[in-house]
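Asker: Here it is, the structure in full.
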Amino acid sequence: MPDLTGWLLDLYPDPQGGVVLWLLGDDGERRRLRQPFPVTFYAAGPSPRLRDLWRFLQTEPVHLERAERRDLFQGPIPVLAARFDRPADQPRVFRRAAQAFPDLTFYDADLSLALRHAAVFGTFPLSRCQVAATSDGIITDLQVMDTPWELDPARPPLRAMTIEPEVDPFHAEPTYLQVCAAGRVYCLSLEPARPLLINLAALLRRHDPDLVLTQWGDGGTDHRAGHSSRGLLLRLLDLAQEWNIPLPLNRDPQGQIVHKPDRSYAAYGQVIYRGAQVHLAGRWHVDAANTVMFHDYGLDGVLEMARVTALPVQTAARVSPGTGISAMQIVTALRLGVLVPYHKQQAERPKTALELFRSDQGGLVYQPLIGLHADVAELDFVSMYPSIMARFNISPETVPLDFEERNADFERGLIPRTLQPLLEKRLALKQRLLTLPAWDARRESDRKRVSAHKWLLVTCFGYLGYKNARFGRIEAHEAVTAYGRECLLRAKEAIEDLGGTVLHMYVDGLWVKKDGASTPEDFRPMMDEIAARTGLPVGLDGIYRWVAFLPSRQDSRLPVANRYFGVFQDGSTKMRGIEVRRRDTPAWIAEAQIELLACLAQAAQVEDLPARLPQAQRILRRKLAELRAGRVPLAKLVVRQGLSRELDAFVTRSPAARAAGQLAAVGKHLRPGQSVRFLYTLGDPGVYAWDLPEPPDPRTLDLRRYQVLLLRAAETVLQVGWDARVRGKLLPAGPFGVQQGALWDGRGGLIQ
DNA sequence: TCCTCACGGGG
DNA sequence: GTGTACGTGAGGA
């Protein structure tokens, strides 16, 4: 076979030995190729125990030898190397070894084949490959011609097919599938099964898609049975078996369809639910309804995630960014010849009081000056924590060193090496976004790629602080936050030295005022000075015409960090920490708050704000009238809240728990991490779950409850122009005079 | 008044 | 096949 060039689509273990690679050739052919690819895991420990392990493994299909490899912290150590010509055997043999020798330390033992391949050949999903292969498809040479860091990689002519039922199976039983391929739409009735299967199989054969994009193809929970269920794809395969009609969902006839059950886990201080997964061989299955942050970064973001992490597309689509950055660290380690510790699943033990005390030092927060402020610049450090790790070479193996020492020439750590190209690519994409004209099709795609990078960078920091992480170390985590605080304080000094006032600081942002300064150029010297004093770049998020830092609701004399809203010079608004930003705020309330703020935003300067109040009051009265007249669509009044635990584990029956209870009563069991939707209703139990079979009765709506929610949200934004004692008088700065409830009479009525 | 629970932040 | 920490605010008891 002559040399082939094309894009790498997929890579997985070959049961016959080595790996299977799917290549989308420049000639448009999809080829299944095979490549010998031995993999090795290592064990370290006392010599007699390693000899025992050697004897233990002798009956297995493995080559054994003594060797020396580098541990990240200890440097070179003696190890027993176990090499497999058939990577498919490695997980099973390792499990046996780990069980029999729990006292030994294992390395490179639980690594995905794609990452190992990436470390050796530089492959990643959709990498441009040049391949020499024998006539029966065995690769003899493989060269990767590009890197994950290209801004404009050559776009492969991917074929996509979407398969979706017409409704979410959680809400109703679907009756047909809508299938789109090559610009055509087909509707396939789910009943009867025989023509469905024959037609779907024909479509799959005719279009032979590289990507099968579904809604609910993965599945999730079976709400009738209360356990994990078979999603759309598995149900189709069940049917195919029942009717004995082959359904070629897999492109690889010898490949397995991999099914992973659903689960709930704790992450980021909350519980997350992940539905069951179905992975195909030789083509990708992506379930848009079961893909982490698909709405945030879409298919472009998923492909970008796969490129930079080297995780297979189907995995990249479903894992959290934490796993993505971890994958990148693993590849870095493998390339450096550093051993990757086996990742034990340790139960998290409660932290001791000392640990709690130690970890108490997070980002620096400087309480804001409550009130309205004009001509305020918001300066943000760009990707602060990742930049600190890269700039000051903070990595588990390089801490502790103090701030000044950091500038000295130390060997680059594992984490900075991993982050550096990511930071550079993100910056380059962001810069290009600023220059691309609005009509350029690359804009949307770049935006999504930037978003995917952001999440990788953000989680890298959190991951450092997790004690079970492969390359985590709490001291490194603390070093990052310590540097962050140091940089923020240096920035404050720089601002004050140049005559500015810092109104508020929050982890990586500063809100700054300076007499006579109102344009970006006016703030430029400050930014340059901050960059010079900290070594980190700062960006100008914008200059507010006016911004309001809100007081605490519990005690209006106290400021709270990060509750504010304001209007930039270009007329756009920014809000943080208030009702609109919360996922559990009903759409109608959020829209009202946005409308009220848009009304205030028409004030070009602070002095014009009081004149906006009559208009704001009219908006509010109109909203209330809408509600009372029953003209608000019920869907816009739905509250959506996550559930952090199983139903019987709730100590207090919160509205969300009561709504979940109603669903459970009709057999729809929600698992931790899933969310429940409900309306506030009159009487007991005060809520009505949105997903109950019977539609809610609009007459039972708790209108007073919604009025309270509306007026509370209105009060949050209107207090800037409203004083309870001096009606309509503006309070330009300093504490607001408004008290909680000043706008309304407590019974849902508006104070006139 | 105290306790429980959900949420934010990053663009 | 994951991963922070902490403060605020709302609702229940």
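By convention in this document, the chains of the structure tokens carry letters A, B, ... by their order, each chain's residues are numbered from 1, and ligands are numbered from 1 in the order they are shown.
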Mind running chain A against chain B at 9 Å and telling me each contacting residue's nearest atom pair with the distance in Å (one decimal), counting only C-alpha atoms (C1' of nucleotides), chain and number ascending, as CSV?

Answerer:
```
residue,atom,partner,partner_atom,distance
A:Gln270,CA,B:DA6,C1',8.8
A:Ser383,CA,B:DG10,C1',8.5
A:Arg447,CA,B:DG11,C1',9.0
A:Val450,CA,B:DG11,C1',8.3
A:Ser451,CA,B:DG11,C1',6.4
A:Lys454,CA,B:DG10,C1',7.4
A:Trp455,CA,B:DG10,C1',7.6
A:Val458,CA,B:DG10,C1',6.5
A:Arg576,CA,B:DG8,C1',8.6
A:Gly577,CA,B:DG8,C1',6.6
A:Arg581,CA,B:DG8,C1',8.1
A:Arg582,CA,B:DC7,C1',6.6
A:Arg583,CA,B:DC7,C1',7.7
A:Asp584,CA,B:DC7,C1',8.2
A:Gln641,CA,B:DA6,C1',7.3
A:Gly642,CA,B:DA6,C1',7.3
A:Leu643,CA,B:DA6,C1',8.5
A:Ser644,CA,B:DC5,C1',8.4
A:Phe650,CA,B:DT4,C1',8.7
A:Val651,CA,B:DT4,C1',7.1
A:Thr652,CA,B:DT4,C1',6.4
A:Ser654,CA,B:DC5,C1',7.7
```

Asker: Taking 3 positions as the minimum chain separation for residues in the same chain, which residues sit within 9 Å of Leu620 of chain A when counting only C-alpha atoms (C1' of nucleotides)? Answer as a short mmCIF file (atom, residue, chain, number, x, y, z; two decimals) with C-alpha atoms, in the first residue's frame.

Answerer:
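Full text of result19.cif as output:
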```cif
data_model
loop_
_atom_site.label_atom_id
_atom_site.label_comp_id
_atom_site.auth_asym_id
_atom_site.auth_seq_id
_atom_site.Cartn_x
_atom_site.Cartn_y
_atom_site.Cartn_z
CA ALA A 592 -37.93 41.25 34.69
CA LEU A 596 -35.37 46.82 34.85
CA GLN A 615 -40.26 54.07 33.88
CA ALA A 616 -38.91 51.26 36.09
CA GLN A 617 -42.02 51.50 38.23
CA LYS A 623 -45.27 42.71 35.29
CA LEU A 624 -47.49 42.44 38.34
CA ALA A 625 -50.59 42.97 36.24
CA LEU A 710 -40.41 39.64 41.65
CA LEU A 711 -40.31 42.53 44.08
CA ALA A 714 -36.64 44.43 41.52
CA LEU A 750 -46.11 47.72 45.62
#
```

Asker: Provide as a PyMOL selection string the residues of chain A at most 6 Å from chain C, counting only C-alpha atoms (C1' of nucleotides).

Answerer: chain A and resi 462-463+466

Asker: Using N, CA and C atoms, can you export the residues from the last selection as an mmCIF file, in the first residue's frame?

Answerer:
```
data_model
loop_
_atom_site.group_PDB
_atom_site.id
_atom_site.type_symbol
_atom_site.label_atom_id
_atom_site.label_comp_id
_atom_site.auth_asym_id
_atom_site.auth_seq_id
_atom_site.Cartn_x
_atom_site.Cartn_y
_atom_site.Cartn_z
ATOM 1 N N GLY A 462 -7.886 23.889 40.619
ATOM 2 C CA GLY A 462 -8.619 23.145 41.629
ATOM 3 C C GLY A 462 -8.049 21.752 41.815
ATOM 4 N N TYR A 463 -7.642 21.185 40.714
ATOM 5 C CA TYR A 463 -7.121 19.835 40.691
ATOM 6 C C TYR A 463 -5.837 19.712 41.507
ATOM 7 N N TYR A 466 -6.402 18.977 45.175
ATOM 8 C CA TYR A 466 -7.125 17.773 45.554
ATOM 9 C C TYR A 466 -6.125 16.698 45.922
#
```

Asker: For the structure I just gave you, how does DSSP split segment 448-639 of chain A - specifically, which residues are strand (DSSP E)? Reply as a ChimeraX atom specification.

Answerer: /A:501-506,509-513,538-551,559-568,573-576,639

Asker: To test your reading of the structure, identify every residue in segment 49-181 of chain A that backbone DSSP assigns to alpha helix (DSSP H), and report it as a short mmCIF file (atom, residue, chain, number, x, y, z; two decimals) with C-alpha atoms, in the first residue's frame.

Answerer:
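In the end it all went to out_0.cif:
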```
data_model
loop_
_atom_site.label_atom_id
_atom_site.label_comp_id
_atom_site.auth_asym_id
_atom_site.auth_seq_id
_atom_site.Cartn_x
_atom_site.Cartn_y
_atom_site.Cartn_z
CA ARG A 49 8.48 -8.32 46.72
CA LEU A 50 9.32 -7.39 43.13
CA ARG A 51 10.77 -10.90 42.70
CA ASP A 52 7.50 -12.32 44.07
CA LEU A 53 5.58 -10.21 41.54
CA TRP A 54 7.85 -11.45 38.75
CA ARG A 55 7.00 -15.06 39.61
CA PHE A 56 3.32 -14.15 39.95
CA LEU A 57 3.23 -12.68 36.44
CA GLN A 90 -2.93 -5.02 30.40
CA PRO A 91 -5.87 -3.82 32.53
CA ARG A 92 -6.86 -7.33 33.55
CA VAL A 93 -3.32 -8.42 34.45
CA PHE A 94 -2.71 -5.20 36.33
CA ARG A 95 -5.88 -5.66 38.38
CA ARG A 96 -4.69 -9.13 39.42
CA ALA A 97 -1.24 -7.81 40.36
CA ALA A 98 -2.58 -4.85 42.31
CA GLN A 99 -4.90 -7.11 44.26
CA ALA A 100 -2.18 -9.62 45.14
CA LEU A 113 -4.30 3.79 25.25
CA ALA A 114 -4.92 7.03 23.38
CA LEU A 115 -2.77 8.95 25.88
CA ARG A 116 0.06 6.43 25.65
CA HIS A 117 -0.08 6.67 21.86
CA ALA A 118 -0.13 10.47 22.04
CA ALA A 119 3.01 10.45 24.18
CA VAL A 120 4.92 8.25 21.72
CA PHE A 121 3.68 9.46 18.33
#
```

Asker: For Arg32 of chain A, find every residue with an atom within 8 Å (counting only C-alpha atoms (C1' of nucleotides)), except residues of its own chain fewer than 3 positions away, and show them as a PyMOL selection string.

Answerer: chain A and resi 20-23+137+252+282

Asker: Between A:Asp541, A:Asp608, A:Glu529, A:Asp14, which has the minimum distance to Gln256 of chain A (counting only C-alpha atoms)?

Answerer: A:Asp14

Asker: So what do you get for atom CA of His343 of chain A versus atom CA of Pro125 of chain A, distance-wise?

Answerer: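 Value for the atom CA of His343 of chain A-atom CA of Pro125 of chain A distance: 24.5 Å.
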
Asker: For Ala281 of chain A, which residue among A:Gly75, A:Pro261, A:Gly630, A:Pro13 is the nearest when counting only C-alpha atoms?

Answerer: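 With only C-alpha atoms as the atom set, the closest residue is A:Pro13.
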
Asker: Could you give me, as number ranges by chain, the residues within 9 Å of Thr681 of chain A, counting only C-alpha atoms (C1' of nucleotides) and dropping anything in the same chain fewer than 6 positions from it?

Answerer: A: 687-688, 698-703, 705

Asker: Please indicate the distance in Å from atom CA of Ala88 of chain A to atom CA of Ala316 of chain A, rounded to one decimal place.

Answerer: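 If I compute the distance from atom CA of Ala88 of chain A to atom CA of Ala316 of chain A, I get 20.8 Å.
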
Asker: Rank A:Ile257, A:Leu232, A:Val79, A:Ala67 by their smallest atom-to-atom distance to Phe170 of chain A, using only C-alpha atoms, and report the top residue only.

Answerer: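 Selected residue with least distance to Phe170 of chain A: A:Leu232.
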
Asker: Can you pull out every residue within 9 Å of Gly686 of chain A, counting only C-alpha atoms (C1' of nucleotides), but drop anything in the same chain fewer than 4 positions away, and send it as a ChimeraX atom specification?

Answerer: /A:655,658,679-682,702

Asker: Atoms to include: C-alpha atoms. Write the selected residues as a compact mmCIF listing (two decimals), in the first residue's frame.

Answerer:
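See out.txt below for the written result:
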```
# COMPACT_ATOMS: atom_id res chain seq x y z
CA PRO A 655 -39.60 22.87 48.17
CA ARG A 658 -41.12 18.00 48.13
CA LEU A 679 -44.06 25.66 40.48
CA TYR A 680 -45.00 27.30 43.76
CA THR A 681 -48.63 26.49 44.48
CA LEU A 682 -51.21 27.28 47.14
CA ASP A 702 -49.14 30.86 44.53
```
